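Asks: Handing over coords-v6.cif, mmCIF, C-alpha atoms.
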```cif
data_input
loop_
_atom_site.label_atom_id
_atom_site.label_comp_id
_atom_site.auth_asym_id
_atom_site.auth_seq_id
_atom_site.Cartn_x
_atom_site.Cartn_y
_atom_site.Cartn_z
CA MET A 1 96.02 105.78 117.32
CA ALA A 2 97.69 103.34 119.68
CA GLU A 3 97.60 104.16 123.37
CA ASP A 4 100.66 105.97 124.71
CA THR A 5 101.76 103.16 127.01
CA GLY A 6 104.03 100.14 126.82
CA PRO A 7 107.44 99.37 125.33
CA LEU A 8 106.95 101.47 122.17
CA SER A 9 105.22 104.50 123.62
CA GLY A 10 106.71 107.97 123.68
CA ARG A 11 107.02 107.74 127.49
CA SER A 12 109.76 105.14 127.35
CA ALA A 13 111.76 106.94 124.60
CA PRO A 14 112.16 103.83 122.42
CA ARG A 15 114.64 103.61 119.55
CA ILE A 16 114.51 101.34 116.50
CA ALA A 17 117.42 100.34 114.26
CA VAL A 18 116.01 100.33 110.72
CA ILE A 19 118.21 98.42 108.28
CA SER A 20 117.93 99.38 104.61
CA MET A 21 121.29 98.26 103.32
CA HIS A 22 120.86 98.36 99.55
CA THR A 23 118.83 101.56 99.16
CA SER A 24 118.26 104.76 101.09
CA PRO A 25 114.96 106.47 101.98
CA THR A 26 116.53 109.72 100.76
CA ALA A 27 117.43 108.39 97.28
CA SER A 28 115.70 109.56 94.08
CA LEU A 29 112.83 107.26 93.17
CA GLY A 30 113.08 105.19 90.01
CA ASN A 31 116.86 104.95 90.16
CA ASN A 32 118.28 101.42 90.14
CA ALA A 33 116.77 99.64 93.17
CA ASN A 34 114.93 102.70 94.48
CA GLY A 35 111.16 102.58 94.67
CA GLY A 36 108.39 101.56 97.04
CA LEU A 37 110.79 100.40 99.76
CA ASN A 38 112.29 103.90 99.98
CA VAL A 39 108.83 105.45 100.33
CA TYR A 40 107.86 102.87 102.97
CA VAL A 41 110.90 103.52 105.17
CA HIS A 42 110.63 107.30 104.82
CA GLU A 43 106.91 107.44 105.66
CA ILE A 44 107.02 105.00 108.57
CA CYS A 45 110.03 106.68 110.20
CA THR A 46 108.32 110.06 109.86
CA ALA A 47 105.10 108.69 111.38
CA PHE A 48 107.02 107.04 114.22
CA SER A 49 108.81 110.32 114.92
CA ASP A 50 105.42 111.98 115.40
CA ARG A 51 104.65 109.28 117.99
CA GLY A 52 107.86 109.89 119.95
CA ILE A 53 109.61 106.79 118.56
CA ALA A 54 113.18 107.39 117.39
CA THR A 55 114.62 105.58 114.37
CA ASP A 56 118.16 105.21 113.08
CA VAL A 57 118.11 104.14 109.43
CA PHE A 58 121.31 102.37 108.39
CA THR A 59 122.12 102.41 104.69
CA ARG A 60 125.26 102.40 102.58
CA ARG A 61 127.04 105.48 101.31
CA GLN A 62 126.61 105.48 97.53
CA SER A 63 128.36 108.70 96.59
CA ALA A 64 130.96 111.10 97.95
CA ASP A 65 128.14 113.62 98.47
CA ASP A 66 126.39 111.47 101.07
CA PRO A 67 126.90 112.84 104.60
CA ASN A 68 127.75 110.66 107.56
CA ILE A 69 124.38 111.37 109.19
CA GLU A 70 121.30 113.09 107.76
CA ALA A 71 118.05 114.08 109.50
CA LEU A 72 114.93 112.41 108.10
CA ALA A 73 112.45 113.66 110.73
CA ALA A 74 112.62 115.17 114.21
CA LEU A 75 113.39 111.78 115.79
CA SER A 76 114.74 110.00 112.73
CA ARG A 77 118.17 110.05 111.17
CA VAL A 78 119.85 108.24 108.30
CA ILE A 79 123.34 106.85 108.99
CA TYR A 80 125.40 106.28 105.85
CA LEU A 81 127.98 103.55 106.37
CA PRO A 82 131.03 103.57 104.05
CA ILE A 83 130.45 99.94 103.09
CA GLY A 84 129.39 98.57 99.71
CA SER A 85 129.58 101.79 97.71
CA GLY A 86 129.18 101.16 93.99
CA VAL A 87 128.65 97.44 94.51
CA ASP A 88 126.02 95.50 92.54
CA LYS A 89 122.96 94.47 94.59
CA TYR A 90 123.82 90.76 94.59
CA ALA A 91 127.52 91.35 95.20
CA LEU A 92 126.44 93.30 98.29
CA TYR A 93 125.86 89.99 100.03
CA ASN A 94 129.63 89.72 100.55
CA GLN A 95 129.53 93.06 102.39
CA VAL A 96 126.80 91.96 104.84
CA PRO A 97 129.15 90.96 107.73
CA GLU A 98 131.02 94.27 107.46
CA PHE A 99 127.74 96.19 107.35
CA ALA A 100 126.49 94.44 110.50
CA LYS A 101 129.78 95.24 112.20
CA GLY A 102 129.40 98.88 111.14
CA ILE A 103 125.98 99.14 112.82
CA LEU A 104 127.23 97.61 116.07
CA GLU A 105 130.28 99.89 116.11
CA PHE A 106 128.13 102.96 115.48
CA ALA A 107 125.79 102.02 118.34
CA ALA A 108 128.77 101.54 120.68
CA ARG A 109 130.36 104.89 119.68
CA ASP A 110 127.06 106.76 119.92
CA GLY A 111 126.10 105.12 123.20
CA VAL A 112 122.67 104.03 121.95
CA SER A 113 120.76 100.82 122.48
CA TYR A 114 117.87 99.59 120.36
CA ASP A 115 114.55 98.14 121.44
CA LEU A 116 113.90 96.66 117.99
CA VAL A 117 115.67 95.87 114.73
CA PHE A 118 113.45 96.50 111.70
CA SER A 119 114.96 95.07 108.49
CA HIS A 120 113.85 95.64 104.91
CA TYR A 121 114.55 93.26 101.99
CA TRP A 122 116.55 90.05 102.16
CA LEU A 123 120.01 91.66 102.29
CA SER A 124 119.05 93.72 105.34
CA GLY A 125 117.44 90.64 106.85
CA GLU A 126 120.76 88.82 106.63
CA VAL A 127 122.42 91.78 108.38
CA ALA A 128 119.88 91.36 111.20
CA CYS A 129 120.58 87.61 111.33
CA ILE A 130 124.27 88.31 111.97
CA MET A 131 123.60 91.05 114.54
CA ARG A 132 120.99 89.17 116.52
CA PRO A 133 123.26 87.23 118.91
CA GLN A 134 124.88 90.53 119.96
CA LEU A 135 121.67 92.53 120.45
CA PRO A 136 118.93 91.83 123.00
CA ALA A 137 116.41 93.62 120.78
CA GLY A 138 113.43 92.07 119.05
CA TRP A 139 113.50 91.68 115.28
CA ALA A 140 110.81 92.54 112.72
CA HIS A 141 111.29 92.05 108.98
CA VAL A 142 109.56 93.17 105.77
CA ALA A 143 110.56 91.27 102.63
CA HIS A 144 109.00 93.77 100.17
CA THR A 145 109.49 91.16 97.44
CA LEU A 146 110.12 87.40 97.61
CA GLY A 147 112.52 85.60 95.30
CA LEU A 148 110.36 82.50 94.88
CA VAL A 149 107.36 84.63 93.91
CA LYS A 150 109.36 86.65 91.38
CA ASN A 151 110.75 83.49 89.81
CA LYS A 152 107.25 82.11 89.22
CA THR A 153 106.38 84.88 86.76
CA LEU A 154 109.59 85.97 85.07
CA ALA A 155 109.47 88.27 82.07
CA ALA A 156 111.07 86.93 78.89
CA GLY A 157 114.83 87.41 79.13
CA ALA A 158 114.80 88.31 82.83
CA ARG A 159 117.40 86.81 85.12
CA PRO A 160 115.95 84.52 87.83
CA GLU A 161 116.55 85.36 91.46
CA PRO A 162 119.56 83.32 92.67
CA ALA A 163 119.39 80.33 94.99
CA LEU A 164 121.41 82.36 97.52
CA ARG A 165 118.55 84.82 97.93
CA ILE A 166 115.99 82.03 98.39
CA ARG A 167 118.16 80.40 101.05
CA VAL A 168 118.61 83.68 102.94
CA GLU A 169 114.87 84.43 102.76
CA SER A 170 114.15 80.99 104.20
CA GLU A 171 116.58 81.66 107.05
CA ILE A 172 114.89 84.99 107.80
CA ALA A 173 111.45 83.36 107.73
CA GLN A 174 112.57 80.92 110.42
CA GLN A 175 114.38 83.37 112.69
CA ALA A 176 112.63 86.77 112.72
CA ASP A 177 110.30 87.45 115.65
CA LEU A 178 107.81 89.19 113.37
CA LEU A 179 107.25 88.96 109.62
CA ILE A 180 105.27 91.84 108.10
CA THR A 181 103.61 91.33 104.72
CA SER A 182 101.63 93.74 102.55
CA THR A 183 98.96 91.29 101.33
CA ASN A 184 97.31 88.02 102.31
CA ASP A 185 98.84 86.35 99.26
CA GLU A 186 102.33 87.26 100.43
CA SER A 187 101.57 85.81 103.88
CA VAL A 188 100.48 82.52 102.28
CA GLU A 189 103.73 82.38 100.29
CA LEU A 190 105.81 82.94 103.43
CA VAL A 191 104.03 80.16 105.29
CA HIS A 192 103.73 77.56 102.52
CA ALA A 193 106.80 78.26 100.38
CA TYR A 194 109.23 79.37 103.09
CA GLY A 195 107.89 77.48 106.11
CA ALA A 196 107.27 80.53 108.31
CA ASP A 197 105.27 80.10 111.50
CA PRO A 198 101.79 81.58 110.79
CA ALA A 199 101.69 82.97 114.34
CA ARG A 200 104.58 85.30 113.46
CA VAL A 201 103.18 86.55 110.12
CA PHE A 202 100.94 89.62 110.02
CA VAL A 203 99.47 91.57 107.12
CA VAL A 204 99.97 95.34 107.39
CA PRO A 205 99.18 97.15 104.12
CA PRO A 206 101.36 100.14 103.28
CA GLY A 207 99.71 103.51 102.78
CA VAL A 208 99.68 106.60 100.63
CA ASP A 209 100.18 110.23 101.62
CA LEU A 210 96.65 111.46 100.95
CA SER A 211 97.62 115.08 101.59
CA THR A 212 100.13 114.93 98.73
CA PHE A 213 98.46 112.46 96.38
CA GLN A 214 95.17 114.03 95.40
CA PRO A 215 93.59 115.12 92.11
CA ILE A 216 94.88 118.24 90.39
CA GLU A 217 92.95 119.91 87.59
CA ARG A 218 94.22 118.29 84.38
CA GLY A 219 95.05 121.50 82.55
CA GLU A 220 97.06 122.79 85.50
CA ALA A 221 98.83 119.44 85.90
CA ARG A 222 99.79 119.34 82.22
CA ARG A 223 101.10 122.88 82.28
CA LYS A 224 103.23 121.94 85.27
CA ILE A 225 104.83 118.95 83.51
CA GLY A 226 105.09 120.66 80.12
CA TYR A 227 102.38 118.88 78.10
CA GLY A 228 99.40 120.33 76.29
CA PRO A 229 96.44 118.70 74.52
CA GLY A 230 96.61 115.05 73.55
CA ARG A 231 96.07 111.90 75.52
CA LEU A 232 98.70 110.52 77.84
CA LEU A 233 99.53 107.07 79.16
CA LEU A 234 101.80 106.94 82.20
CA PHE A 235 104.23 104.36 83.53
CA VAL A 236 105.99 104.94 86.87
CA GLY A 237 108.71 102.63 88.19
CA ARG A 238 112.19 101.28 87.73
CA LEU A 239 113.11 100.30 84.20
CA GLU A 240 113.58 96.56 84.53
CA ARG A 241 111.95 93.62 82.75
CA LEU A 242 109.95 92.77 85.86
CA LYS A 243 107.91 95.97 85.41
CA GLY A 244 106.71 95.06 81.89
CA VAL A 245 107.27 98.43 80.20
CA GLU A 246 107.68 96.61 76.88
CA VAL A 247 104.04 95.51 77.13
CA ALA A 248 102.95 99.14 77.50
CA ILE A 249 105.02 100.16 74.46
CA ARG A 250 103.59 97.40 72.29
CA ALA A 251 100.06 98.28 73.46
CA LEU A 252 100.71 101.88 72.42
CA ALA A 253 101.73 100.67 68.95
CA LEU A 254 98.45 98.77 68.62
CA LEU A 255 96.54 101.93 69.57
CA SER A 256 98.38 104.23 67.19
CA ASP A 257 95.65 104.53 64.58
CA ARG A 258 93.66 107.56 63.47
CA ALA A 259 91.43 107.42 66.54
CA HIS A 260 94.46 107.58 68.84
CA ASP A 261 97.01 109.52 66.80
CA ASP A 262 97.52 112.01 69.67
CA LEU A 263 98.44 109.31 72.22
CA ARG A 264 101.80 109.37 74.02
CA LEU A 265 103.42 107.20 76.68
CA LEU A 266 105.37 108.92 79.47
CA VAL A 267 107.89 106.64 81.18
CA LEU A 268 109.01 107.82 84.62
CA GLY A 269 111.92 105.91 86.10
CA GLU A 270 115.62 105.45 85.64
CA ASP A 271 117.58 102.71 84.00
CA SER A 272 118.06 99.44 85.83
CA LYS A 273 120.89 97.33 84.50
CA ASP A 274 121.01 93.55 84.41
CA GLY A 275 124.70 92.96 83.91
CA ASP A 276 125.85 95.20 81.07
CA GLU A 277 122.41 95.52 79.48
CA SER A 278 120.64 98.88 79.69
CA GLU A 279 116.89 98.33 79.98
CA LYS A 280 116.21 101.88 78.82
CA GLU A 281 118.17 101.37 75.60
CA ARG A 282 116.47 98.03 75.04
CA LEU A 283 113.06 99.66 75.47
CA LYS A 284 113.99 102.44 73.07
CA SER A 285 114.88 99.79 70.50
CA VAL A 286 111.54 98.06 71.05
CA ALA A 287 109.70 101.36 70.57
CA ALA A 288 111.60 102.04 67.35
CA ALA A 289 110.96 98.53 66.04
CA VAL A 290 107.17 98.87 66.48
CA GLY A 291 107.09 102.39 65.06
CA VAL A 292 106.32 104.47 68.17
CA ARG A 293 109.74 105.77 69.24
CA ASP A 294 108.53 109.35 68.66
CA ARG A 295 105.53 108.72 70.96
CA VAL A 296 107.42 107.40 73.99
CA ASP A 297 109.05 109.94 76.29
CA PHE A 298 111.63 108.60 78.73
CA LEU A 299 111.60 111.29 81.42
CA GLY A 300 113.87 109.70 84.02
CA SER A 301 113.14 109.86 87.74
CA VAL A 302 111.21 112.72 89.34
CA ALA A 303 110.86 113.87 92.93
CA HIS A 304 108.15 111.98 94.80
CA HIS A 305 106.16 115.15 95.56
CA GLU A 306 105.97 115.92 91.81
CA LEU A 307 104.27 112.61 90.93
CA PRO A 308 100.71 113.89 91.59
CA PHE A 309 101.07 116.25 88.62
CA PHE A 310 101.90 113.32 86.33
CA TYR A 311 99.11 111.10 87.67
CA SER A 312 96.61 113.94 87.33
CA ALA A 313 97.81 114.79 83.81
CA ALA A 314 97.50 111.19 82.58
CA ASP A 315 94.43 109.54 81.09
CA VAL A 316 95.56 106.07 82.21
CA CYS A 317 98.30 104.71 84.47
CA VAL A 318 99.67 101.46 83.00
CA MET A 319 101.21 98.78 85.27
CA PRO A 320 101.99 95.58 83.30
CA SER A 321 104.17 94.17 86.11
CA TYR A 322 105.10 90.50 86.23
CA SER A 323 105.25 90.70 90.02
CA GLU A 324 104.26 93.28 92.67
CA SER A 325 104.31 92.70 96.41
CA PHE A 326 102.13 95.79 96.81
CA GLY A 327 100.86 98.12 94.09
CA LEU A 328 102.03 101.41 95.59
CA VAL A 329 102.08 103.16 92.20
CA GLY A 330 98.54 101.98 91.54
CA LEU A 331 97.46 103.31 94.93
CA GLU A 332 99.10 106.69 94.28
CA ALA A 333 97.49 106.92 90.83
CA GLN A 334 94.04 106.14 92.23
CA ALA A 335 94.50 108.70 95.02
CA CYS A 336 94.98 111.26 92.23
CA GLY A 337 91.88 110.06 90.39
CA CYS A 338 93.73 108.29 87.57
CA PRO A 339 92.34 104.90 86.44
CA VAL A 340 94.79 101.99 86.32
CA VAL A 341 95.24 99.28 83.70
CA GLY A 342 97.55 96.67 85.17
CA SER A 343 98.37 93.00 85.52
CA GLY A 344 96.32 90.79 87.80
CA VAL A 345 99.21 89.99 90.16
CA ALA A 346 98.49 89.75 93.87
CA GLY A 347 100.05 93.08 94.84
CA LEU A 348 97.87 94.98 92.38
CA ARG A 349 94.68 93.08 93.17
CA SER A 350 95.07 94.28 96.75
CA VAL A 351 94.55 97.94 95.75
CA VAL A 352 92.95 98.06 92.27
CA ARG A 353 89.39 96.82 91.76
CA ASP A 354 88.83 95.30 88.32
CA GLU A 355 86.15 97.16 86.36
CA VAL A 356 85.67 99.52 89.33
CA SER A 357 88.80 101.69 89.54
CA GLY A 358 90.51 100.27 86.46
CA TYR A 359 91.18 96.99 84.70
CA LEU A 360 93.29 94.03 85.78
CA ILE A 361 94.54 91.62 83.10
CA ASP A 362 95.67 88.05 83.73
CA SER A 363 98.19 88.05 80.89
CA HIS A 364 100.92 90.17 79.39
CA GLU A 365 99.46 90.26 75.90
CA PRO A 366 99.78 93.81 74.51
CA ALA A 367 96.46 93.41 72.66
CA ALA A 368 94.62 92.88 75.95
CA TYR A 369 96.16 96.05 77.38
CA ALA A 370 95.41 98.01 74.22
CA GLU A 371 91.76 96.93 74.33
CA ARG A 372 91.27 98.01 78.01
CA ILE A 373 93.17 101.26 77.53
CA GLY A 374 91.10 101.93 74.43
CA ARG A 375 87.89 101.53 76.42
CA LEU A 376 88.96 104.30 78.78
CA LEU A 377 90.26 106.59 76.03
CA ASN A 378 87.06 106.20 74.03
CA SER A 379 84.82 106.85 77.04
CA PRO A 380 86.03 109.85 79.10
CA ASP A 381 82.94 109.56 81.33
CA LEU A 382 83.87 105.97 82.22
CA ALA A 383 87.48 107.02 82.92
CA GLN A 384 86.31 109.83 85.20
CA GLN A 385 83.94 107.50 87.02
CA MET A 386 86.70 104.95 87.60
CA GLY A 387 89.00 107.76 88.72
CA ARG A 388 86.48 108.90 91.33
CA ARG A 389 86.03 105.33 92.58
CA GLY A 390 89.79 104.90 92.78
CA ARG A 391 90.05 108.03 94.88
CA LEU A 392 87.49 106.60 97.31
CA LEU A 393 89.36 103.29 97.48
CA ALA A 394 92.62 105.09 98.25
CA GLN A 395 91.04 106.74 101.29
CA ARG A 396 91.21 103.34 103.02
CA TYR A 397 94.99 103.43 103.00
CA SER A 398 97.05 105.87 105.03
CA TRP A 399 100.54 105.77 106.51
CA MET A 400 99.04 106.77 109.87
CA ARG A 401 96.99 103.57 109.89
CA THR A 402 100.03 101.53 108.82
CA ALA A 403 102.17 103.07 111.57
CA ASP A 404 99.45 102.49 114.18
CA ARG A 405 99.35 98.78 113.39
CA LEU A 406 103.14 98.43 113.27
CA GLN A 407 103.49 100.19 116.62
CA GLU A 408 101.01 97.76 118.15
CA LEU A 409 102.81 94.70 116.76
CA PHE A 410 106.27 96.04 117.62
CA ALA A 411 105.29 96.68 121.24
CA ASP A 412 104.50 92.98 121.65
CA VAL A 413 107.81 91.92 120.05
CA VAL A 414 109.80 94.33 122.25
CA GLU A 415 108.04 93.09 125.39
CA ARG A 416 108.81 89.48 124.56
CA ALA A 417 112.45 90.34 123.82
CA GLN A 418 112.74 92.05 127.22
CA LEU A 419 111.28 88.98 128.93
CA ARG A 420 113.89 86.81 127.18
CA VAL A 421 116.68 89.08 128.42
CA HIS A 422 115.38 89.03 131.99
CA ALA A 423 114.98 85.26 131.93
CA SER A 424 118.54 84.85 130.63
CA ALA A 425 119.90 87.18 133.32
CA ARG A 426 118.18 85.16 136.08
CA GLN A 427 119.71 81.94 134.76
CA GLU A 428 123.16 83.48 134.90
#
```
Represent the structure from my file as structure tokens, please.
Replies:
Amino acid sequence: MAEDTGPLSGRSAPRIAVISMHTSPTASLGNNANGGLNVYVHEICTAFSDRGIATDVFTRRQSADDPNIEALAALSRVIYLPIGSGVDKYALYNQVPEFAKGILEFAARDGVSYDLVFSHYWLSGEVACIMRPQLPAGWAHVAHTLGLVKNKTLAAGARPEPALRIRVESEIAQQADLLITSTNDESVELVHAYGADPARVFVVPPGVDLSTFQPIERGEARRKIGYGPGRLLLFVGRLERLKGVEVAIRALALLSDRAHDDLRLLVLGEDSKDGDESEKERLKSVAAAVGVRDRVDFLGSVAHHELPFFYSAADVCVMPSYSESFGLVGLEAQACGCPVVGSGVAGLRSVVRDEVSGYLIDSHEPAAYAERIGRLLNSPDLAQQMGRRGRLLAQRYSWMRTADRLQELFADVVERAQLRVHASARQE
């Protein structure tokens, strides 16, 4: 753990403004834009609280049930601003100036000052851009996903990320004091595609809660989630074309022969709409068209602490994503001893070892997925061996380690911001 000295130690009672405009760390996972970002913010703020670092997480109020302020941890609170409720993610850009104003007004009313602004995703980064001239704090940013990267590997029928997002991401890459990435590949993209200064880009892998995500006896796990005998494939994530659920459905159809007539696919995650199109309804139509509608169970979103039961109940976790900045689902599955069959995108290669803890496939051909899944279904010993290896790999990742590294990097940013303020005051 980092030493308890310096600008971000418990002795100096530091406070960080965490901006998560489009999604809240308290939201149900798998709903709309909710996913790994929510987990990241929740876990880091909790870890910082344990270190004596206070965090105010600013997000938008999305329903009348949202309170004004909600406790996240002993030294962490979520502030719900009444700005952008019910607005589409891309239309939220028009609400950015008002959201920035809301944060500054809250800080003035509450009498708080911030040592650091920590923004998540491009919309929150733009909020930080607007606030920066009015705050002496340092600024750290996590993109979570990059528009240019997503546009390189679009799923058929998916809408490209707009030029507006790319422009904003480029602006953030030039202005933020610190750019945090999850993988080396993401760092390379920031430097070469967005022109970020390599000296301001640092790789800090996210973690997994190893006390929650651990193997559960399969029979017990299946009883908990309401399934008995029969083999299970599992998908966890938002239902959007980017996640490649259609590939998993078509792979299931190819496996639905006599040798695999007990196989089912469990889909955990809520609908994500692209315009008026419901991805869940589209996927149901795909399943019906290939003859496996009765073998695909759309279970909606579940509480994060219930996921270990699903991972432990499954024979294989399937992740046919077209893009992943970091394979958090793959990491959680491996921590529970479940082998992964996923795409060979950078974010998954960072946590899944091909032919060690699962299989990575450099295509989105359903036949390739069916063949790898079939190998694991036909050889339970191999699946168990890969599950054990995955569990060992997952031990390398913890939120404590992530928070330690962030605290170290943030302390340097805060110190430099304070020097800038002092230098400016002397000039005046």
Asks: The PyMOL selection byres ((chain A and resi 370-376) around 10) on the file shown: which residues, as number ranges by chain?
Replies: A: 233, 247-256, 259-260, 315-318, 339-342, 355, 358-361, 365-369, 377-384, 386
Asks: Please produce a file of those selected residues containing C-alpha atoms, as a compact mmCIF listing (two decimals), keeping the file's coordinate frame.
Replies:
```txt
# COMPACT_ATOMS: atom_id res chain seq x y z
CA LEU A 233 99.53 107.07 79.16
CA VAL A 247 104.04 95.51 77.13
CA ALA A 248 102.95 99.14 77.50
CA ILE A 249 105.02 100.16 74.46
CA ARG A 250 103.59 97.40 72.29
CA ALA A 251 100.06 98.28 73.46
CA LEU A 252 100.71 101.88 72.42
CA ALA A 253 101.73 100.67 68.95
CA LEU A 254 98.45 98.77 68.62
CA LEU A 255 96.54 101.93 69.57
CA SER A 256 98.38 104.23 67.19
CA ALA A 259 91.43 107.42 66.54
CA HIS A 260 94.46 107.58 68.84
CA ASP A 315 94.43 109.54 81.09
CA VAL A 316 95.56 106.07 82.21
CA CYS A 317 98.30 104.71 84.47
CA VAL A 318 99.67 101.46 83.00
CA PRO A 339 92.34 104.90 86.44
CA VAL A 340 94.79 101.99 86.32
CA VAL A 341 95.24 99.28 83.70
CA GLY A 342 97.55 96.67 85.17
CA GLU A 355 86.15 97.16 86.36
CA GLY A 358 90.51 100.27 86.46
CA TYR A 359 91.18 96.99 84.70
CA LEU A 360 93.29 94.03 85.78
CA ILE A 361 94.54 91.62 83.10
CA GLU A 365 99.46 90.26 75.90
CA PRO A 366 99.78 93.81 74.51
CA ALA A 367 96.46 93.41 72.66
CA ALA A 368 94.62 92.88 75.95
CA TYR A 369 96.16 96.05 77.38
CA LEU A 377 90.26 106.59 76.03
CA ASN A 378 87.06 106.20 74.03
CA SER A 379 84.82 106.85 77.04
CA PRO A 380 86.03 109.85 79.10
CA ASP A 381 82.94 109.56 81.33
CA LEU A 382 83.87 105.97 82.22
CA ALA A 383 87.48 107.02 82.92
CA GLN A 384 86.31 109.83 85.20
CA MET A 386 86.70 104.95 87.60
```
Asks: Could you name the residues that touch A:Trp399 at 8 Å or less, counting only C-alpha atoms, but leaving out those on the same chain fewer than 6 positions away, as a PyMOL selection string?
Replies: chain A and resi 43-44+47+206-209
Asks: Dig up all the protein and nucleic acid residues within 10 Å of (120.5, 95.8, 100.4) in the file frame, using only C-alpha atoms, and format them as a PyMOL selection string.
Replies: chain A and resi 19-24+33+59-60+84+88-93+95-96+119-127
Asks: Go through A:Val188, A:Val302, A:Val290, A:Leu135 one by one, measure the shortest atom-to-atom distance of each to A:Val236 using all atoms listed in the file, and give the residue with the smallest value.
Replies: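 Distance minimum relative to A:Val236 lands on A:Val302.
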Asks: Exactly which residues make up the result of the PyMOL selection byres ((chain A and resi 225) around 9) on this file, given as a PyMOL selection string?
Replies: chain A and resi 220-224+226-227+306+309-310+313
Asks: Which is closer to A:Gly230 than all the others in A:Ala303, A:Leu283, A:Ala199, A:Leu265, using only C-alpha atoms?
Replies: A:Leu265
Asks: With all atoms listed in the file as the atoms that count, which of A:Leu307, A:Leu81, A:Met319, A:Ala333 lies nearest to A:Arg388?
Replies: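 Once distances to A:Arg388 are computed over all atoms listed in the file, the minimum belongs to A:Ala333.
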Asks: Using all atoms listed in the file, which protein or nucleic acid residues come within 9 Å of stretch 391-395 of chain A? Drop anything in the same chain fewer than 2 positions from it, and give the result as number ranges by chain.
Replies: A: 207-208, 210, 214-215, 331-338, 351-353, 357, 386-389, 397-398
Asks: Under the rule that all atoms listed in the file are counted, which of A:Val41, A:Leu75, A:Ala193, A:Ala64 is the nearest residue to A:Arg15?
Replies: A:Leu75
Asks: Since the input is missing atoms, can you rebuild N, CA and C atoms for stretch 167-178 of chain A and write them as a PDB file, in the coordinates of the input?
Replies:
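Result file is rebuild-v7.pdb:
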```
ATOM      1  N   ARG A 167     117.664  81.001  99.808  1.00  0.00           N
ATOM      2  CA  ARG A 167     118.160  80.400 101.050  1.00  0.00           C
ATOM      3  C   ARG A 167     118.136  81.418 102.189  1.00  0.00           C
ATOM      4  N   VAL A 168     118.589  82.643 101.912  1.00  0.00           N
ATOM      5  CA  VAL A 168     118.610  83.680 102.940  1.00  0.00           C
ATOM      6  C   VAL A 168     117.182  84.028 103.377  1.00  0.00           C
ATOM      7  N   GLU A 169     116.266  84.132 102.417  1.00  0.00           N
ATOM      8  CA  GLU A 169     114.870  84.430 102.760  1.00  0.00           C
ATOM      9  C   GLU A 169     114.265  83.343 103.640  1.00  0.00           C
ATOM     10  N   SER A 170     114.636  82.098 103.365  1.00  0.00           N
ATOM     11  CA  SER A 170     114.150  80.990 104.200  1.00  0.00           C
ATOM     12  C   SER A 170     114.692  81.099 105.618  1.00  0.00           C
ATOM     13  N   GLU A 171     115.956  81.471 105.732  1.00  0.00           N
ATOM     14  CA  GLU A 171     116.580  81.660 107.050  1.00  0.00           C
ATOM     15  C   GLU A 171     115.875  82.768 107.827  1.00  0.00           C
ATOM     16  N   ILE A 172     115.587  83.871 107.158  1.00  0.00           N
ATOM     17  CA  ILE A 172     114.890  84.990 107.800  1.00  0.00           C
ATOM     18  C   ILE A 172     113.506  84.563 108.262  1.00  0.00           C
ATOM     19  N   ALA A 173     112.810  83.816 107.406  1.00  0.00           N
ATOM     20  CA  ALA A 173     111.450  83.360 107.730  1.00  0.00           C
ATOM     21  C   ALA A 173     111.419  82.498 108.984  1.00  0.00           C
ATOM     22  N   GLN A 174     112.513  81.780 109.241  1.00  0.00           N
ATOM     23  CA  GLN A 174     112.570  80.920 110.420  1.00  0.00           C
ATOM     24  C   GLN A 174     112.971  81.690 111.673  1.00  0.00           C
ATOM     25  N   GLN A 175     113.744  82.760 111.529  1.00  0.00           N
ATOM     26  CA  GLN A 175     114.380  83.370 112.690  1.00  0.00           C
ATOM     27  C   GLN A 175     113.752  84.672 113.171  1.00  0.00           C
ATOM     28  N   ALA A 176     113.165  85.465 112.298  1.00  0.00           N
ATOM     29  CA  ALA A 176     112.630  86.770 112.720  1.00  0.00           C
ATOM     30  C   ALA A 176     111.479  86.588 113.697  1.00  0.00           C
ATOM     31  N   ASP A 177     111.398  87.498 114.669  1.00  0.00           N
ATOM     32  CA  ASP A 177     110.300  87.450 115.650  1.00  0.00           C
ATOM     33  C   ASP A 177     108.969  87.816 115.012  1.00  0.00           C
ATOM     34  N   LEU A 178     109.020  88.675 114.002  1.00  0.00           N
ATOM     35  CA  LEU A 178     107.810  89.190 113.370  1.00  0.00           C
ATOM     36  C   LEU A 178     108.050  89.370 111.883  1.00  0.00           C
TER      37      LEU A 178
END
```
